[in-house]
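Coordinates from entry25.json are shown below (JSON, C-alpha atoms).
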[["chain", "number", "residue", "atom", "x", "y", "z"],
["N", 1, "MET", "CA", 92.24, 109.78, 114.52],
["N", 2, "ILE", "CA", 91.31, 108.27, 111.16],
["N", 3, "GLY", "CA", 89.35, 105.06, 111.36],
["N", 4, "ARG", "CA", 87.95, 102.77, 108.68],
["N", 5, "LEU", "CA", 88.41, 103.41, 104.98],
["N", 6, "ASN", "CA", 84.80, 104.19, 104.09],
["N", 7, "HIS", "CA", 85.35, 104.11, 100.32],
["N", 8, "ILE", "CA", 87.73, 104.72, 97.47],
["N", 9, "ALA", "CA", 86.20, 106.84, 94.70],
["N", 10, "ILE", "CA", 86.91, 106.37, 91.01],
["N", 11, "ALA", "CA", 85.82, 109.04, 88.52],
["N", 12, "VAL", "CA", 84.60, 107.58, 85.23],
["N", 13, "PRO", "CA", 83.47, 109.19, 81.96],
["N", 14, "ASP", "CA", 80.73, 106.59, 81.34],
["N", 15, "LEU", "CA", 79.06, 105.02, 84.38],
["N", 16, "ALA", "CA", 77.14, 102.38, 82.44],
["N", 17, "ALA", "CA", 80.35, 101.14, 80.79],
["N", 18, "ALA", "CA", 82.20, 101.16, 84.12],
["N", 19, "VAL", "CA", 79.41, 99.17, 85.79],
["N", 20, "GLU", "CA", 79.56, 96.64, 82.98],
["N", 21, "THR", "CA", 83.34, 96.28, 83.40],
["N", 22, "TYR", "CA", 83.17, 95.83, 87.17],
["N", 23, "ARG", "CA", 80.18, 93.49, 87.01],
["N", 24, "ASP", "CA", 81.00, 91.35, 83.99],
["N", 25, "GLN", "CA", 84.80, 91.28, 84.06],
["N", 26, "LEU", "CA", 85.50, 91.49, 87.77],
["N", 27, "GLY", "CA", 82.30, 89.91, 89.07],
["N", 28, "ALA", "CA", 81.75, 92.73, 91.57],
["N", 29, "ARG", "CA", 78.58, 93.29, 93.66],
["N", 30, "ILE", "CA", 77.14, 96.52, 92.27],
["N", 31, "GLY", "CA", 74.46, 98.71, 93.84],
["N", 32, "PRO", "CA", 71.89, 100.87, 92.02],
["N", 33, "ALA", "CA", 72.88, 104.17, 90.36],
["N", 34, "GLN", "CA", 71.94, 107.23, 92.43],
["N", 35, "ALA", "CA", 71.80, 110.73, 90.91],
["N", 36, "LEU", "CA", 73.01, 113.32, 93.42],
["N", 37, "PRO", "CA", 72.39, 116.64, 91.65],
["N", 38, "GLU", "CA", 73.42, 118.63, 94.74],
["N", 39, "HIS", "CA", 76.86, 116.99, 94.51],
["N", 40, "GLY", "CA", 77.11, 117.12, 90.72],
["N", 41, "VAL", "CA", 77.58, 113.37, 90.35],
["N", 42, "THR", "CA", 75.79, 110.11, 89.71],
["N", 43, "VAL", "CA", 77.20, 107.36, 91.93],
["N", 44, "VAL", "CA", 77.24, 103.59, 92.07],
["N", 45, "PHE", "CA", 78.65, 101.74, 95.07],
["N", 46, "ILE", "CA", 80.49, 98.44, 94.81],
["N", 47, "ASP", "CA", 80.41, 96.41, 98.01],
["N", 48, "THR", "CA", 83.73, 94.59, 98.54],
["N", 49, "GLY", "CA", 82.67, 93.11, 101.88],
["N", 50, "ASN", "CA", 85.07, 95.18, 103.98],
["N", 51, "THR", "CA", 84.71, 98.58, 102.27],
["N", 52, "LYS", "CA", 83.22, 100.18, 99.14],
["N", 53, "VAL", "CA", 84.37, 101.40, 95.75],
["N", 54, "GLU", "CA", 82.36, 104.44, 94.60],
["N", 55, "LEU", "CA", 82.12, 105.00, 90.85],
["N", 56, "LEU", "CA", 81.43, 108.67, 90.06],
["N", 57, "GLU", "CA", 80.10, 110.09, 86.78],
["N", 58, "PRO", "CA", 79.68, 113.86, 86.26],
["N", 59, "LEU", "CA", 76.12, 115.17, 86.54],
["N", 60, "GLY", "CA", 75.27, 118.67, 85.38],
["N", 61, "ALA", "CA", 77.37, 121.52, 84.04],
["N", 62, "ALA", "CA", 79.36, 122.32, 87.19],
["N", 63, "SER", "CA", 80.35, 118.84, 88.30],
["N", 64, "PRO", "CA", 83.26, 118.85, 90.79],
["N", 65, "ILE", "CA", 84.85, 115.93, 88.89],
["N", 66, "ALA", "CA", 84.71, 117.55, 85.42],
["N", 67, "ALA", "CA", 88.23, 119.02, 85.65],
["N", 68, "PHE", "CA", 89.66, 115.68, 86.84],
["N", 69, "LEU", "CA", 88.14, 113.89, 83.85],
["N", 70, "GLU", "CA", 89.49, 116.53, 81.47],
["N", 71, "LYS", "CA", 92.99, 115.67, 82.74],
["N", 72, "ASN", "CA", 92.20, 111.92, 82.94],
["N", 73, "PRO", "CA", 89.75, 111.20, 80.11],
["N", 74, "ALA", "CA", 89.74, 107.42, 80.72],
["N", 75, "GLY", "CA", 88.93, 107.98, 84.41],
["N", 76, "GLY", "CA", 90.99, 107.20, 87.48],
["N", 77, "MET", "CA", 91.16, 107.09, 91.25],
["N", 78, "HIS", "CA", 89.76, 110.38, 92.55],
["N", 79, "HIS", "CA", 89.72, 110.33, 96.36],
["N", 80, "LEU", "CA", 89.89, 108.23, 99.53],
["N", 81, "CYS", "CA", 87.38, 108.60, 102.35],
["N", 82, "PHE", "CA", 88.30, 107.81, 105.94],
["N", 83, "GLU", "CA", 85.83, 107.76, 108.82],
["N", 84, "VAL", "CA", 86.38, 109.97, 111.88],
["N", 85, "PRO", "CA", 84.25, 109.99, 115.03],
["N", 86, "ASP", "CA", 84.12, 113.82, 115.33],
["N", 87, "ILE", "CA", 84.58, 116.02, 112.26],
["N", 88, "ALA", "CA", 84.98, 119.27, 114.25],
["N", 89, "ALA", "CA", 87.76, 117.76, 116.37],
["N", 90, "ALA", "CA", 89.42, 116.35, 113.25],
["N", 91, "MET", "CA", 89.33, 119.76, 111.52],
["N", 92, "ALA", "CA", 90.73, 121.54, 114.58],
["N", 93, "ARG", "CA", 93.64, 119.10, 114.81],
["N", 94, "LEU", "CA", 94.39, 119.25, 111.08],
["N", 95, "GLN", "CA", 94.22, 123.03, 110.83],
["N", 96, "ALA", "CA", 96.43, 123.39, 113.94],
["N", 97, "GLY", "CA", 98.97, 121.24, 112.05],
["N", 98, "GLY", "CA", 98.77, 123.51, 109.00],
["N", 99, "ALA", "CA", 96.65, 121.26, 106.73],
["N", 100, "ARG", "CA", 94.21, 122.99, 104.39],
["N", 101, "VAL", "CA", 90.51, 122.14, 104.23],
["N", 102, "LEU", "CA", 89.00, 122.70, 100.78],
["N", 103, "GLY", "CA", 86.03, 124.98, 100.12],
["N", 104, "ASP", "CA", 84.82, 127.41, 102.77],
["N", 105, "GLY", "CA", 86.41, 125.33, 105.52],
["N", 106, "ARG", "CA", 83.09, 124.15, 106.93],
["N", 107, "PRO", "CA", 81.79, 120.58, 106.79],
["N", 108, "ARG", "CA", 79.01, 119.89, 104.33],
["N", 109, "ILE", "CA", 76.62, 116.98, 104.10],
["N", 110, "GLY", "CA", 78.05, 114.15, 101.99],
["N", 111, "ALA", "CA", 76.49, 111.40, 99.90],
["N", 112, "HIS", "CA", 75.67, 109.30, 102.99],
["N", 113, "GLY", "CA", 73.98, 112.16, 104.87],
["N", 114, "ASN", "CA", 76.95, 112.64, 107.23],
["N", 115, "PRO", "CA", 79.18, 115.75, 107.59],
["N", 116, "VAL", "CA", 82.29, 115.59, 105.39],
["N", 117, "ILE", "CA", 85.35, 117.68, 104.61],
["N", 118, "PHE", "CA", 87.98, 117.39, 101.87],
["N", 119, "LEU", "CA", 91.70, 118.02, 102.50],
["N", 120, "HIS", "CA", 94.11, 119.65, 100.06],
["N", 121, "PRO", "CA", 95.96, 116.95, 98.05],
["N", 122, "LYS", "CA", 99.20, 118.98, 98.24],
["N", 123, "ASP", "CA", 99.23, 118.49, 102.01],
["N", 124, "PHE", "CA", 98.69, 114.69, 101.72],
["N", 125, "THR", "CA", 101.19, 113.23, 99.23],
["N", 126, "GLY", "CA", 99.13, 114.14, 96.18],
["N", 127, "THR", "CA", 96.00, 112.33, 97.41],
["N", 128, "LEU", "CA", 92.58, 113.95, 97.78],
["N", 129, "ILE", "CA", 91.30, 112.80, 101.19],
["N", 130, "GLU", "CA", 87.70, 113.03, 102.38],
["N", 131, "LEU", "CA", 86.91, 112.69, 106.07],
["N", 132, "GLU", "CA", 83.38, 111.59, 106.96],
["N", 133, "GLN", "CA", 81.92, 111.77, 110.45],
["N", 134, "VAL", "CA", 80.52, 108.35, 111.27],
["N", 135, "PRO", "CA", 79.06, 107.89, 114.74],
["N", 136, "ALA", "CA", 80.92, 105.15, 116.65],
["X", 1, "MET", "CA", 84.76, 87.16, 91.66],
["X", 2, "ILE", "CA", 86.59, 89.99, 93.41],
["X", 3, "GLY", "CA", 86.37, 89.91, 97.18],
["X", 4, "ARG", "CA", 87.77, 92.22, 99.85],
["X", 5, "LEU", "CA", 89.78, 95.32, 99.02],
["X", 6, "ASN", "CA", 93.14, 94.16, 100.37],
["X", 7, "HIS", "CA", 94.81, 97.58, 100.10],
["X", 8, "ILE", "CA", 95.00, 100.86, 98.26],
["X", 9, "ALA", "CA", 98.57, 101.81, 97.32],
["X", 10, "ILE", "CA", 99.90, 105.36, 97.29],
["X", 11, "ALA", "CA", 103.26, 106.10, 95.66],
["X", 12, "VAL", "CA", 105.26, 108.75, 97.53],
["X", 13, "PRO", "CA", 108.58, 110.45, 96.79],
["X", 14, "ASP", "CA", 109.65, 110.52, 100.46],
["X", 15, "LEU", "CA", 108.41, 107.71, 102.70],
["X", 16, "ALA", "CA", 109.63, 109.27, 105.96],
["X", 17, "ALA", "CA", 107.74, 112.49, 105.21],
["X", 18, "ALA", "CA", 104.61, 110.57, 104.20],
["X", 19, "VAL", "CA", 104.72, 108.50, 107.41],
["X", 20, "GLU", "CA", 105.02, 111.72, 109.43],
["X", 21, "THR", "CA", 101.98, 113.19, 107.64],
["X", 22, "TYR", "CA", 99.81, 110.11, 108.12],
["X", 23, "ARG", "CA", 100.93, 109.58, 111.74],
["X", 24, "ASP", "CA", 101.04, 113.14, 113.06],
["X", 25, "GLN", "CA", 98.32, 114.86, 111.00],
["X", 26, "LEU", "CA", 95.87, 112.01, 110.46],
["X", 27, "GLY", "CA", 96.68, 109.95, 113.57],
["X", 28, "ALA", "CA", 96.95, 106.75, 111.52],
["X", 29, "ARG", "CA", 98.26, 103.40, 112.80],
["X", 30, "ILE", "CA", 101.51, 102.89, 110.90],
["X", 31, "GLY", "CA", 103.51, 99.68, 110.58],
["X", 32, "PRO", "CA", 107.30, 99.36, 110.18],
["X", 33, "ALA", "CA", 109.02, 100.17, 106.86],
["X", 34, "GLN", "CA", 109.95, 97.06, 104.86],
["X", 35, "ALA", "CA", 112.49, 97.18, 102.02],
["X", 36, "LEU", "CA", 111.45, 94.84, 99.19],
["X", 37, "PRO", "CA", 114.37, 95.02, 96.76],
["X", 38, "GLU", "CA", 112.88, 92.27, 94.57],
["X", 39, "HIS", "CA", 109.83, 94.56, 94.03],
["X", 40, "GLY", "CA", 111.82, 97.80, 93.75],
["X", 41, "VAL", "CA", 109.96, 99.48, 96.62],
["X", 42, "THR", "CA", 110.08, 100.19, 100.32],
["X", 43, "VAL", "CA", 106.60, 99.84, 101.84],
["X", 44, "VAL", "CA", 104.79, 100.91, 104.95],
["X", 45, "PHE", "CA", 101.29, 99.63, 105.75],
["X", 46, "ILE", "CA", 98.65, 101.71, 107.48],
["X", 47, "ASP", "CA", 96.01, 99.63, 109.24],
["X", 48, "THR", "CA", 92.57, 101.27, 108.92],
["X", 49, "GLY", "CA", 90.80, 98.45, 110.76],
["X", 50, "ASN", "CA", 88.89, 97.18, 107.72],
["X", 51, "THR", "CA", 91.66, 97.38, 105.08],
["X", 52, "LYS", "CA", 95.15, 98.82, 104.55],
["X", 53, "VAL", "CA", 96.78, 101.78, 102.87],
["X", 54, "GLU", "CA", 100.20, 100.88, 101.44],
["X", 55, "LEU", "CA", 102.70, 103.72, 101.09],
["X", 56, "LEU", "CA", 105.30, 102.93, 98.41],
["X", 57, "GLU", "CA", 108.69, 104.61, 97.92],
["X", 58, "PRO", "CA", 110.98, 103.69, 95.01],
["X", 59, "LEU", "CA", 113.91, 101.42, 95.89],
["X", 60, "GLY", "CA", 116.77, 100.92, 93.44],
["X", 61, "ALA", "CA", 117.35, 102.12, 89.90],
["X", 62, "ALA", "CA", 114.58, 100.15, 88.15],
["X", 63, "SER", "CA", 111.67, 100.74, 90.50],
["X", 64, "PRO", "CA", 108.27, 100.01, 88.91],
["X", 65, "ILE", "CA", 106.89, 103.23, 90.45],
["X", 66, "ALA", "CA", 109.63, 105.56, 89.16],
["X", 67, "ALA", "CA", 107.73, 106.53, 85.99],
["X", 68, "PHE", "CA", 104.55, 107.21, 87.99],
["X", 69, "LEU", "CA", 106.44, 109.57, 90.31],
["X", 70, "GLU", "CA", 108.02, 111.36, 87.36],
["X", 71, "LYS", "CA", 104.48, 112.15, 86.14],
["X", 72, "ASN", "CA", 103.21, 112.79, 89.69],
["X", 73, "PRO", "CA", 106.15, 114.26, 91.63],
["X", 74, "ALA", "CA", 104.09, 114.92, 94.79],
["X", 75, "GLY", "CA", 102.88, 111.29, 94.80],
["X", 76, "GLY", "CA", 99.39, 109.91, 94.33],
["X", 77, "MET", "CA", 97.13, 106.89, 94.35],
["X", 78, "HIS", "CA", 98.90, 104.14, 92.39],
["X", 79, "HIS", "CA", 96.79, 100.96, 92.48],
["X", 80, "LEU", "CA", 93.96, 99.04, 94.15],
["X", 81, "CYS", "CA", 94.32, 95.44, 95.26],
["X", 82, "PHE", "CA", 91.34, 93.09, 95.42],
["X", 83, "GLU", "CA", 91.45, 89.59, 96.86],
["X", 84, "VAL", "CA", 90.41, 86.60, 94.74],
["X", 85, "PRO", "CA", 90.17, 83.01, 95.91],
["X", 86, "ASP", "CA", 91.84, 81.51, 92.80],
["X", 87, "ILE", "CA", 94.22, 83.59, 90.68],
["X", 88, "ALA", "CA", 94.34, 81.12, 87.79],
["X", 89, "ALA", "CA", 90.53, 81.08, 87.51],
["X", 90, "ALA", "CA", 90.45, 84.89, 87.74],
["X", 91, "MET", "CA", 93.03, 85.21, 84.94],
["X", 92, "ALA", "CA", 91.18, 82.76, 82.72],
["X", 93, "ARG", "CA", 87.91, 84.66, 83.14],
["X", 94, "LEU", "CA", 89.51, 88.06, 82.57],
["X", 95, "GLN", "CA", 91.50, 87.02, 79.51],
["X", 96, "ALA", "CA", 88.42, 85.34, 78.02],
["X", 97, "GLY", "CA", 86.70, 88.74, 78.39],
["X", 98, "GLY", "CA", 89.57, 90.49, 76.59],
["X", 99, "ALA", "CA", 91.27, 92.09, 79.61],
["X", 100, "ARG", "CA", 95.05, 92.40, 79.49],
["X", 101, "VAL", "CA", 97.32, 91.09, 82.24],
["X", 102, "LEU", "CA", 100.54, 93.11, 82.61],
["X", 103, "GLY", "CA", 104.02, 91.60, 82.34],
["X", 104, "ASP", "CA", 104.51, 88.10, 81.01],
["X", 105, "GLY", "CA", 100.93, 87.18, 81.87],
["X", 106, "ARG", "CA", 101.93, 84.84, 84.68],
["X", 107, "PRO", "CA", 101.26, 85.47, 88.38],
["X", 108, "ARG", "CA", 104.26, 86.46, 90.47],
["X", 109, "ILE", "CA", 104.70, 86.45, 94.23],
["X", 110, "GLY", "CA", 103.59, 89.74, 95.78],
["X", 111, "ALA", "CA", 104.56, 91.65, 98.92],
["X", 112, "HIS", "CA", 102.47, 89.33, 101.14],
["X", 113, "GLY", "CA", 103.91, 86.10, 99.71],
["X", 114, "ASN", "CA", 100.77, 85.35, 97.67],
["X", 115, "PRO", "CA", 100.43, 85.10, 93.86],
["X", 116, "VAL", "CA", 99.41, 88.41, 92.27],
["X", 117, "ILE", "CA", 98.67, 89.81, 88.82],
["X", 118, "PHE", "CA", 98.21, 93.38, 87.61],
["X", 119, "LEU", "CA", 95.56, 94.36, 85.03],
["X", 120, "HIS", "CA", 95.97, 97.01, 82.34],
["X", 121, "PRO", "CA", 94.55, 100.36, 83.54],
["X", 122, "LYS", "CA", 93.12, 101.06, 80.06],
["X", 123, "ASP", "CA", 90.78, 98.08, 80.48],
["X", 124, "PHE", "CA", 89.58, 99.25, 83.93],
["X", 125, "THR", "CA", 88.54, 102.92, 83.75],
["X", 126, "GLY", "CA", 92.08, 104.25, 84.13],
["X", 127, "THR", "CA", 92.75, 102.34, 87.35],
["X", 128, "LEU", "CA", 95.68, 99.97, 87.89],
["X", 129, "ILE", "CA", 94.16, 96.89, 89.58],
["X", 130, "GLU", "CA", 96.12, 94.18, 91.39],
["X", 131, "LEU", "CA", 94.48, 90.85, 92.13],
["X", 132, "GLU", "CA", 95.93, 88.84, 94.99],
["X", 133, "GLN", "CA", 95.12, 85.21, 95.68],
["X", 134, "VAL", "CA", 94.08, 84.93, 99.30],
["X", 135, "PRO", "CA", 93.00, 81.51, 100.54],
["X", 136, "ALA", "CA", 89.39, 81.65, 101.80]]

Go ahead and express the file in the form of structure tokens.
Amino acid sequence: MIGRLNHIAIAVPDLAAAVETYRDQLGARIGPAQALPEHGVTVVFIDTGNTKVELLEPLGAASPIAAFLEKNPAGGMHHLCFEVPDIAAAMARLQAGGARVLGDGRPRIGAHGNPVIFLHPKDFTGTLIELEQVPA
Amino acid sequence: MIGRLNHIAIAVPDLAAAVETYRDQLGARIGPAQALPEHGVTVVFIDTGNTKVELLEPLGAASPIAAFLEKNPAGGMHHLCFEVPDIAAAMARLQAGGARVLGDGRPRIGAHGNPVIFLHPKDFTGTLIELEQVPA
């Protein structure tokens, strides 16, 4: 079912500092910062050639990554995103197996304009997993 | 400097249970378990097509992931591994920039038989980063 790793997301307290670290120390290829107020984050994508690293900084008062950064003030790996060809079929299979979908259980539109869901970390070895529908 | 994301490693308390979750719930392509006593882990690789997810279970009394699992009993994302063409050049650049290399500061041979180093998470937004020398 799961296909390519679309990205690995890292929550950071200071996006400008994180960009500097990845660019100057690690020599990474960094994209432009994009504010996504509807998702409560500002994001920067790092292109690794085969996949992406997504740096996330909280935006606004109700950012979904605020609680994570309270527990991990220096930042840290936040979630993994795998591509699936059909998000409805993926949800049906996962829910039949007892896995929990976060939120109201319906896909929403993610940062790339595709439908996404998030799965409960307790059902997946402590890892927050995003599934993104990417047409084949 | 950094190239492809070689893998993202997830530490798990029970490798057989994690394999079942990734295979049966997520339909992932799972490789065979490999015991690596010299690294203190048993590993399973999941092939996502573009990169790999490495599931790590502690092996032996002095496993390097034991402390992580004490703090995160359900498991969780442990490190990211980026490929570099020349590990000595990468180390020289990073140390000149003030980044700390873990251990005795010399590359050792990693799970794929290539030289690897690990960088201090405090210098990289709370993320443990492995660099692996992969010939171009």

Practice task
Please identify every residue of chain N that has at least one atom no more than 7 Å from any atom of chain X, counting all atoms listed in the file, and report them as a list in words.
Solution key: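 So the contacting residues turn out to be Met1, Ile2, Gly3, Arg4, Leu5, Val12, Ala18, Thr21, Gln25, Leu26, Gly27, Ala28, Thr48, Gly49, Asn50, Thr51, Ala74, Gly75, Gly76, Met77, Leu94, Gly97, Phe124, Thr125, Gly126 and Thr127 of chain N.
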
Exercise for the section: Find the residue from X:Glu132, X:Glu70, X:Glu57, X:Asp104 that sits nearest to Pro85 in chain X; use all atoms listed in the file when measuring. Expected result: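 Nearest to Pro85 in chain X: X:Glu132.
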
Report, as AutoDock Vina command-line options, the centre and edge lengths in Å (one decimal) of the axis-aligned box enclosing every listed atom of range 42-50 of chain N, padded by 5 Å on each side.
--center_x 80.4 --center_y 101.6 --center_z 96.8 --size_x 19.3 --size_y 27.0 --size_z 24.3

Exercise for the section: Could you give me, as a list of chain:residue names, the residues within 12 Å of Gly60 in chain N, counting all atoms listed in the file and dropping anything in the same chain fewer than 3 positions from it? Expected result: N:Ala35, N:Leu36, N:Pro37, N:Glu38, N:His39, N:Gly40, N:Val41, N:Thr42, N:Glu57, N:Ser63, N:Pro64, N:Ile65, N:Ala66

Fill in the blank from the handout: CA of Glu130 in chain X sits from CA of Gly31 in chain X at a separation of 21.3 Å

Exercise for the section: Would you kindly return, as a list in words, each protein, DNA or RNA residue with an atom no farther than 6 Å from any atom of Phe118 in chain X, considering all atoms listed in the file and excluding same-chain residues fewer than 3 positions away? Expected result: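 Contacts, in chain order: Val101, Leu102, Ile129 and Glu130 of chain X.
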
Problem - Residue nearest Leu119 in chain N among N:Pro135, N:Val19, N:Cys81, N:Ala61 (counting all atoms listed in the file) - result: N:Cys81

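Coordinates place CA of Ala89 in chain X at a distance of 25.7 Å from CA of Ala16 in chain N.
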
Problem - Interatomic distance, CA of His112 in chain X to CA of Gln34 in chain X (Å, one decimal) - result: 11.4 Å

For range 45-61 of chain X, which lacks atoms in the input, supply N, CA and C atoms and format the output as an mmCIF file, keeping the file's coordinate frame.
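Final file, selection06.cif:
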data_model
loop_
_atom_site.group_PDB
_atom_site.id
_atom_site.type_symbol
_atom_site.label_atom_id
_atom_site.label_comp_id
_atom_site.auth_asym_id
_atom_site.auth_seq_id
_atom_site.Cartn_x
_atom_site.Cartn_y
_atom_site.Cartn_z
ATOM 1 N N PHE X 45 102.729 99.849 105.747
ATOM 2 C CA PHE X 45 101.290 99.630 105.750
ATOM 3 C C PHE X 45 100.620 100.415 106.873
ATOM 4 N N ILE X 46 99.504 101.025 106.523
ATOM 5 C CA ILE X 46 98.650 101.710 107.480
ATOM 6 C C ILE X 46 97.422 100.836 107.676
ATOM 7 N N ASP X 47 97.149 100.486 108.927
ATOM 8 C CA ASP X 47 96.010 99.630 109.240
ATOM 9 C C ASP X 47 94.800 100.516 109.539
ATOM 10 N N THR X 48 93.760 100.437 108.694
ATOM 11 C CA THR X 48 92.570 101.270 108.920
ATOM 12 C C THR X 48 91.471 100.482 109.648
ATOM 13 N N GLY X 49 91.799 99.275 110.071
ATOM 14 C CA GLY X 49 90.800 98.450 110.760
ATOM 15 C C GLY X 49 90.128 97.496 109.789
ATOM 16 N N ASN X 50 89.589 98.033 108.687
ATOM 17 C CA ASN X 50 88.890 97.180 107.720
ATOM 18 C C ASN X 50 89.754 96.834 106.509
ATOM 19 N N THR X 51 90.780 97.644 106.220
ATOM 20 C CA THR X 51 91.660 97.380 105.080
ATOM 21 C C THR X 51 93.005 98.064 105.361
ATOM 22 N N LYS X 52 93.822 98.235 104.332
ATOM 23 C CA LYS X 52 95.150 98.820 104.550
ATOM 24 C C LYS X 52 95.425 99.873 103.476
ATOM 25 N N VAL X 53 96.185 100.877 103.846
ATOM 26 C CA VAL X 53 96.780 101.780 102.870
ATOM 27 C C VAL X 53 98.263 101.427 102.827
ATOM 28 N N GLU X 54 98.791 101.271 101.620
ATOM 29 C CA GLU X 54 100.200 100.880 101.440
ATOM 30 C C GLU X 54 100.920 102.096 100.858
ATOM 31 N N LEU X 55 101.870 102.630 101.613
ATOM 32 C CA LEU X 55 102.700 103.720 101.090
ATOM 33 C C LEU X 55 103.929 103.102 100.431
ATOM 34 N N LEU X 56 104.211 103.516 99.200
ATOM 35 C CA LEU X 56 105.300 102.930 98.410
ATOM 36 C C LEU X 56 106.337 103.994 98.052
ATOM 37 N N GLU X 57 107.587 103.729 98.340
ATOM 38 C CA GLU X 57 108.690 104.610 97.920
ATOM 39 C C GLU X 57 109.595 103.811 96.998
ATOM 40 N N PRO X 58 110.104 104.435 95.927
ATOM 41 C CA PRO X 58 110.980 103.690 95.010
ATOM 42 C C PRO X 58 112.236 103.188 95.729
ATOM 43 N N LEU X 59 112.673 101.998 95.351
ATOM 44 C CA LEU X 59 113.910 101.420 95.890
ATOM 45 C C LEU X 59 114.711 100.883 94.703
ATOM 46 N N GLY X 60 115.903 101.407 94.516
ATOM 47 C CA GLY X 60 116.770 100.920 93.440
ATOM 48 C C GLY X 60 116.503 101.664 92.134
ATOM 49 N N ALA X 61 117.340 101.352 91.143
ATOM 50 C CA ALA X 61 117.350 102.120 89.900
ATOM 51 C C ALA X 61 116.160 101.794 88.998
#
